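Below is one structure, written out as structure tokens, with a few remarks after it.
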Amino acid sequence: DHTHADTLRTPIVAVLGHVDHGKTSLLDTIRGSAVSEGEAGAITQHIGATDIPLDTISGMAGELIDPSDFDLPGLLFIDTPGHHSFSTLRARGGALADIAVLVVDVNDGFQPQTEEAIDILRRTGTPFVVAANKVDTTPGWNPQDGEPIQKSMDAQSERAKSMLDENLYEIIGQLSDAGFSADLYWRVQDFQKNIGVVPLSALTGEGVPDLLTVLMGLSQRFMKEEMAIDVTGPGEGTVLEVKDERGFGATVDTVVYDGVIRNGDTVVVGGQNEPIVTEIRALLRPRPLAEIRTEKEFEKVGEIGAAAGVKIAAPDLDEAMAGAPVRVVRDRTVDQVVEEVKAE
Ligand code: GTP
Ligand code: MG
């Protein structure tokens, strides 16, 4: 079962960074999809969520990961827009995250929304790693599709290697200017003290095994206590988007970050005017590896546990609000939960 292990929930990984630095492409490579190509003007305009099961991660990480070292069920990736006008969505993604990937184009280095993303991560105290993306654009690069970055580096000319190094040290310097001590990830001993920089290419997939390995390691070593939740507790989540769905009317695409949501549950959802109290008619789960914002074939499920993306169908969701809380009432009173939602 890829939705949740016995007691540990899936860590939520937000992907943040400047416009066009390759966030959606990176997720496309991990999912084996082409969401980025379908976007208007190749610009992400919404937050997305994709559940990546452990077996996909370990398959992609190859020799770098031994799946028996991990008891986390996988990773839930949150894609965010880099365009400057979507700062609310970046902040929302950052607030949901247990850990984050800051994507930086290795040629462009830090840009305004890179700085903005760093500010969000600092404010929320979210641990992060830096994906130094687009290494394949280094002049004279000899691509090694899907390989770990060390293997790829070994196949490069001295000239290409030193050009890449120069760009990487530029980024490490910019991180230091922003107040973070950072180094190439294989030199980092303590990921709680130092930010690891992972050189990679979303286009060729080289270095992606390394990123997945670092993310799993970080989650397993440092987040395990936070991942140990009451998986049967009343579900809590955040609305990503309100969408009309044929046959269901208004639905809310939601990231569930705590507890469990069941079909038939009474829920309170933050609304444009006041909280909406309603009863769940259907829980629609995107397939594993599918991006909730583009998925067409949802599966109806009886319940869904944290962390996961789920489309909730229920009456009266027309006035639900993106970014608003979703709370299952379960054994509390409706009034109590309405007050809780109002207070958020
Ligand atoms: P926003 O969501 O709008 O902020 O952009 P994004 O960060 O999601 O960037 P996206 O993945 O849409 O990629 C932007 C462009 O960069 C696309 O044309 C990608 O094909 C290209 N690109 C992304 N990653 C790489 C890479 O590793 N190498 C090369 N050569 N191109 C890349
Ligand atoms: Mg994008």
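Residues in the structure tokens are numbered from 1 in each chain, the chains being A, B, ... in the order shown, and ligands are numbered from 1 in the order shown.
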
Pull the closest atom pair for each residue of chain A that gets at most 9 Å from ligand 2, along with the distance in Å to one decimal, counting only C-alpha atoms and all ligand atoms, ordering rows by chain and then ascending residue number, as JSON lines.
{"residue": "A:Val19", "atom": "CA", "partner": "ligand 2", "partner_atom_place_in_ligand_line": "1 (Mg)", "distance": 7.3}
{"residue": "A:Asp20", "atom": "CA", "partner": "ligand 2", "partner_atom_place_in_ligand_line": "1 (Mg)", "distance": 6.8}
{"residue": "A:His21", "atom": "CA", "partner": "ligand 2", "partner_atom_place_in_ligand_line": "1 (Mg)", "distance": 8.3}
{"residue": "A:Gly22", "atom": "CA", "partner": "ligand 2", "partner_atom_place_in_ligand_line": "1 (Mg)", "distance": 6.6}
{"residue": "A:Lys23", "atom": "CA", "partner": "ligand 2", "partner_atom_place_in_ligand_line": "1 (Mg)", "distance": 5.2}
{"residue": "A:Thr24", "atom": "CA", "partner": "ligand 2", "partner_atom_place_in_ligand_line": "1 (Mg)", "distance": 4.0}
{"residue": "A:Ser25", "atom": "CA", "partner": "ligand 2", "partner_atom_place_in_ligand_line": "1 (Mg)", "distance": 7.1}
{"residue": "A:Leu27", "atom": "CA", "partner": "ligand 2", "partner_atom_place_in_ligand_line": "1 (Mg)", "distance": 8.9}
{"residue": "A:Val35", "atom": "CA", "partner": "ligand 2", "partner_atom_place_in_ligand_line": "1 (Mg)", "distance": 8.5}
{"residue": "A:Ser36", "atom": "CA", "partner": "ligand 2", "partner_atom_place_in_ligand_line": "1 (Mg)", "distance": 6.2}
{"residue": "A:Glu39", "atom": "CA", "partner": "ligand 2", "partner_atom_place_in_ligand_line": "1 (Mg)", "distance": 8.2}
{"residue": "A:Ala42", "atom": "CA", "partner": "ligand 2", "partner_atom_place_in_ligand_line": "1 (Mg)", "distance": 7.2}
{"residue": "A:Ile43", "atom": "CA", "partner": "ligand 2", "partner_atom_place_in_ligand_line": "1 (Mg)", "distance": 5.7}
{"residue": "A:Thr44", "atom": "CA", "partner": "ligand 2", "partner_atom_place_in_ligand_line": "1 (Mg)", "distance": 4.1}
{"residue": "A:Gln45", "atom": "CA", "partner": "ligand 2", "partner_atom_place_in_ligand_line": "1 (Mg)", "distance": 7.7}
{"residue": "A:His46", "atom": "CA", "partner": "ligand 2", "partner_atom_place_in_ligand_line": "1 (Mg)", "distance": 8.7}
{"residue": "A:Asp79", "atom": "CA", "partner": "ligand 2", "partner_atom_place_in_ligand_line": "1 (Mg)", "distance": 6.8}
{"residue": "A:Thr80", "atom": "CA", "partner": "ligand 2", "partner_atom_place_in_ligand_line": "1 (Mg)", "distance": 6.5}
{"residue": "A:Pro81", "atom": "CA", "partner": "ligand 2", "partner_atom_place_in_ligand_line": "1 (Mg)", "distance": 5.4}
{"residue": "A:Gly82", "atom": "CA", "partner": "ligand 2", "partner_atom_place_in_ligand_line": "1 (Mg)", "distance": 6.8}
{"residue": "A:His83", "atom": "CA", "partner": "ligand 2", "partner_atom_place_in_ligand_line": "1 (Mg)", "distance": 8.8}

Neighbouring residues of A:Pro325 were defined as those with any atom within 6 Å, considering only C-alpha atoms; residues of the same chain fewer than 5 positions away were excluded. Please report them as a ChimeraX atom specification.
/A:237-238,269-270

Kindly save the residues from that selection, with C-alpha atoms included, as a compact mmCIF listing (two decimals), in the first residue's frame.
# COMPACT_ATOMS: atom_id res chain seq x y z
CA GLY A 237 -5.33 19.50 5.15
CA THR A 238 -5.03 22.59 2.99
CA VAL A 269 -13.61 23.92 4.88
CA GLY A 270 -12.51 27.56 4.95

DSSP on the backbone: what in stretch 104-241 of chain A comes out alpha helix (DSSP H), as a PyMOL selection string?
chain A and resi 112-124+149-154+158-177+208-222+224-227

Would you output that residue set with C-alpha atoms, as a PDB file, in the first residue's frame?
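Output below, filename selection.pdb:
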ATOM      1  CA  PRO A 112      14.780  37.341  -7.166  1.00  0.00           C
ATOM      2  CA  GLN A 113      12.425  34.399  -6.542  1.00  0.00           C
ATOM      3  CA  THR A 114      15.364  32.270  -5.378  1.00  0.00           C
ATOM      4  CA  GLU A 115      15.885  34.886  -2.667  1.00  0.00           C
ATOM      5  CA  GLU A 116      12.158  34.959  -1.962  1.00  0.00           C
ATOM      6  CA  ALA A 117      12.080  31.166  -1.618  1.00  0.00           C
ATOM      7  CA  ILE A 118      15.052  31.274   0.772  1.00  0.00           C
ATOM      8  CA  ASP A 119      13.205  33.844   2.875  1.00  0.00           C
ATOM      9  CA  ILE A 120      10.172  31.534   3.057  1.00  0.00           C
ATOM     10  CA  LEU A 121      12.339  28.574   4.084  1.00  0.00           C
ATOM     11  CA  ARG A 122      14.143  30.638   6.696  1.00  0.00           C
ATOM     12  CA  ARG A 123      10.858  31.971   8.091  1.00  0.00           C
ATOM     13  CA  THR A 124       9.258  28.522   8.302  1.00  0.00           C
ATOM     14  CA  ILE A 149      26.477  12.677 -10.521  1.00  0.00           C
ATOM     15  CA  GLN A 150      29.903  11.216  -9.615  1.00  0.00           C
ATOM     16  CA  LYS A 151      29.715   8.840 -12.549  1.00  0.00           C
ATOM     17  CA  SER A 152      28.642  11.695 -14.772  1.00  0.00           C
ATOM     18  CA  MET A 153      31.494  13.939 -13.530  1.00  0.00           C
ATOM     19  CA  ASP A 154      34.008  11.188 -14.296  1.00  0.00           C
ATOM     20  CA  GLU A 158      38.596  18.807 -17.306  1.00  0.00           C
ATOM     21  CA  ARG A 159      37.360  21.953 -18.996  1.00  0.00           C
ATOM     22  CA  ALA A 160      33.651  21.111 -18.601  1.00  0.00           C
ATOM     23  CA  LYS A 161      34.244  20.045 -15.017  1.00  0.00           C
ATOM     24  CA  SER A 162      35.992  23.261 -14.085  1.00  0.00           C
ATOM     25  CA  MET A 163      33.301  25.383 -15.752  1.00  0.00           C
ATOM     26  CA  LEU A 164      30.629  23.555 -13.777  1.00  0.00           C
ATOM     27  CA  ASP A 165      32.676  23.851 -10.572  1.00  0.00           C
ATOM     28  CA  GLU A 166      32.913  27.584 -11.043  1.00  0.00           C
ATOM     29  CA  ASN A 167      29.115  27.871 -11.319  1.00  0.00           C
ATOM     30  CA  LEU A 168      28.573  25.579  -8.341  1.00  0.00           C
ATOM     31  CA  TYR A 169      30.920  27.603  -6.135  1.00  0.00           C
ATOM     32  CA  GLU A 170      29.126  30.754  -7.203  1.00  0.00           C
ATOM     33  CA  ILE A 171      25.885  29.252  -5.843  1.00  0.00           C
ATOM     34  CA  ILE A 172      27.595  28.089  -2.654  1.00  0.00           C
ATOM     35  CA  GLY A 173      28.844  31.669  -2.211  1.00  0.00           C
ATOM     36  CA  GLN A 174      25.348  33.068  -2.770  1.00  0.00           C
ATOM     37  CA  LEU A 175      23.972  30.675  -0.156  1.00  0.00           C
ATOM     38  CA  SER A 176      26.637  31.873   2.231  1.00  0.00           C
ATOM     39  CA  ASP A 177      25.678  35.508   1.528  1.00  0.00           C
ATOM     40  CA  VAL A 208      18.523  12.896  -9.869  1.00  0.00           C
ATOM     41  CA  PRO A 209      19.453   9.612  -8.077  1.00  0.00           C
ATOM     42  CA  ASP A 210      21.601  11.707  -5.749  1.00  0.00           C
ATOM     43  CA  LEU A 211      18.799  14.177  -4.999  1.00  0.00           C
ATOM     44  CA  LEU A 212      16.336  11.406  -4.154  1.00  0.00           C
ATOM     45  CA  THR A 213      18.915   9.736  -1.927  1.00  0.00           C
ATOM     46  CA  VAL A 214      19.613  12.956  -0.038  1.00  0.00           C
ATOM     47  CA  LEU A 215      15.875  13.643   0.400  1.00  0.00           C
ATOM     48  CA  MET A 216      15.169  10.145   1.708  1.00  0.00           C
ATOM     49  CA  GLY A 217      18.177  10.336   4.025  1.00  0.00           C
ATOM     50  CA  LEU A 218      17.140  13.725   5.367  1.00  0.00           C
ATOM     51  CA  SER A 219      13.553  12.593   5.979  1.00  0.00           C
ATOM     52  CA  GLN A 220      14.513   9.323   7.576  1.00  0.00           C
ATOM     53  CA  ARG A 221      17.290  10.707   9.807  1.00  0.00           C
ATOM     54  CA  PHE A 222      15.881  14.027  10.920  1.00  0.00           C
ATOM     55  CA  LYS A 224      11.219  10.577  11.524  1.00  0.00           C
ATOM     56  CA  GLU A 225       9.776  11.825  14.780  1.00  0.00           C
ATOM     57  CA  GLU A 226       7.629  14.388  12.995  1.00  0.00           C
ATOM     58  CA  MET A 227       6.454  11.713  10.566  1.00  0.00           C
TER      59      MET A 227
END

Which polymer residues have any atom within 6 Å of an atom of A:Ala182, counting only C-alpha atoms, with same-chain residues fewer than 3 positions away left out, as an mmCIF file with N, CA and C atoms, in the first residue's frame?
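selection20.cif written:
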data_model
loop_
_atom_site.group_PDB
_atom_site.id
_atom_site.type_symbol
_atom_site.label_atom_id
_atom_site.label_comp_id
_atom_site.auth_asym_id
_atom_site.auth_seq_id
_atom_site.Cartn_x
_atom_site.Cartn_y
_atom_site.Cartn_z
ATOM 1 N N ILE A 172 27.228 28.307 -4.057
ATOM 2 C CA ILE A 172 27.595 28.089 -2.654
ATOM 3 C C ILE A 172 27.904 29.429 -1.978
ATOM 4 N N ASN A 194 24.622 22.148 7.568
ATOM 5 C CA ASN A 194 25.039 22.633 6.253
ATOM 6 C C ASN A 194 24.037 22.255 5.176
ATOM 7 N N ILE A 195 23.884 23.152 4.218
ATOM 8 C CA ILE A 195 22.987 22.892 3.095
ATOM 9 C C ILE A 195 23.756 22.103 2.040
ATOM 10 N N GLY A 196 23.196 20.986 1.598
ATOM 11 C CA GLY A 196 23.825 20.195 0.543
ATOM 12 C C GLY A 196 23.409 20.701 -0.827
#

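Within 8 Å of A:Ala308, once only C-alpha atoms are used and residues closer than 3 positions along the same chain are dropped, the contacting residues are Thr3, Thr10, Ala49, Asp51, Leu76, Val255, Val256, Tyr257, Ile304 and Gly305 of chain A.
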
Excluding same-chain residues fewer than 3 positions from A:Leu102, what lies within 9 Å of it counting only C-alpha atoms, as an MDAnalysis selection string?
chainID A and resid 14:18 23 114 117:118 128:132

Can you spit out the residues from that selection as a PDB file, in the first residue's frame, using C-alpha atoms?
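Okay, this is what ended up in result_36.pdb:
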ATOM      1  CA  ALA A  14       8.091  21.447  -1.601  1.00  0.00           C
ATOM      2  CA  VAL A  15       9.925  22.338  -4.799  1.00  0.00           C
ATOM      3  CA  LEU A  16      10.678  26.061  -4.898  1.00  0.00           C
ATOM      4  CA  GLY A  17      12.747  28.376  -7.079  1.00  0.00           C
ATOM      5  CA  HIS A  18      12.893  31.118  -9.687  1.00  0.00           C
ATOM      6  CA  LYS A  23      11.035  22.724 -10.972  1.00  0.00           C
ATOM      7  CA  THR A 114      15.364  32.270  -5.378  1.00  0.00           C
ATOM      8  CA  ALA A 117      12.080  31.166  -1.618  1.00  0.00           C
ATOM      9  CA  ILE A 118      15.052  31.274   0.772  1.00  0.00           C
ATOM     10  CA  PHE A 128      16.252  22.176   2.385  1.00  0.00           C
ATOM     11  CA  VAL A 129      18.698  20.996  -0.240  1.00  0.00           C
ATOM     12  CA  VAL A 130      19.690  22.876  -3.363  1.00  0.00           C
ATOM     13  CA  ALA A 131      19.251  21.264  -6.779  1.00  0.00           C
ATOM     14  CA  ALA A 132      21.819  22.967  -9.041  1.00  0.00           C
TER      15      ALA A 132
END

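Atom pair atom CA of A:Thr50 / atom CA of A:Arg293: separated by 9.0 Å.
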
Rounded to one decimal in Å, what is the spacing between atom CA of A:Gly62 and atom CA of A:Ile30?
13.0 Å

Considering only C-alpha atoms, return as a PDB file with C-alpha atoms, in the first residue's frame whatever protein or nucleic-acid residues lie within 10 Å of A:Gly125, sequence-local ones (same chain, fewer than 5 positions apart) excluded.
ATOM      1  CA  GLY A  94       6.611  26.446   1.873  1.00  0.00           C
ATOM      2  CA  ALA A  95       4.162  26.328   4.774  1.00  0.00           C
ATOM      3  CA  ALA A  97       6.582  21.458   3.502  1.00  0.00           C
ATOM      4  CA  ASP A  98       8.491  19.198   5.858  1.00  0.00           C
ATOM      5  CA  ILE A  99      11.553  19.603   3.669  1.00  0.00           C
ATOM      6  CA  ASP A 119      13.205  33.844   2.875  1.00  0.00           C
ATOM      7  CA  ILE A 120      10.172  31.534   3.057  1.00  0.00           C
TER       8      ILE A 120
END

Within 9 Å of A:Gly205 using only C-alpha atoms, minus same-chain residues under 5 positions, as a ChimeraX atom specification:
/A:26,29-30,144-148,200
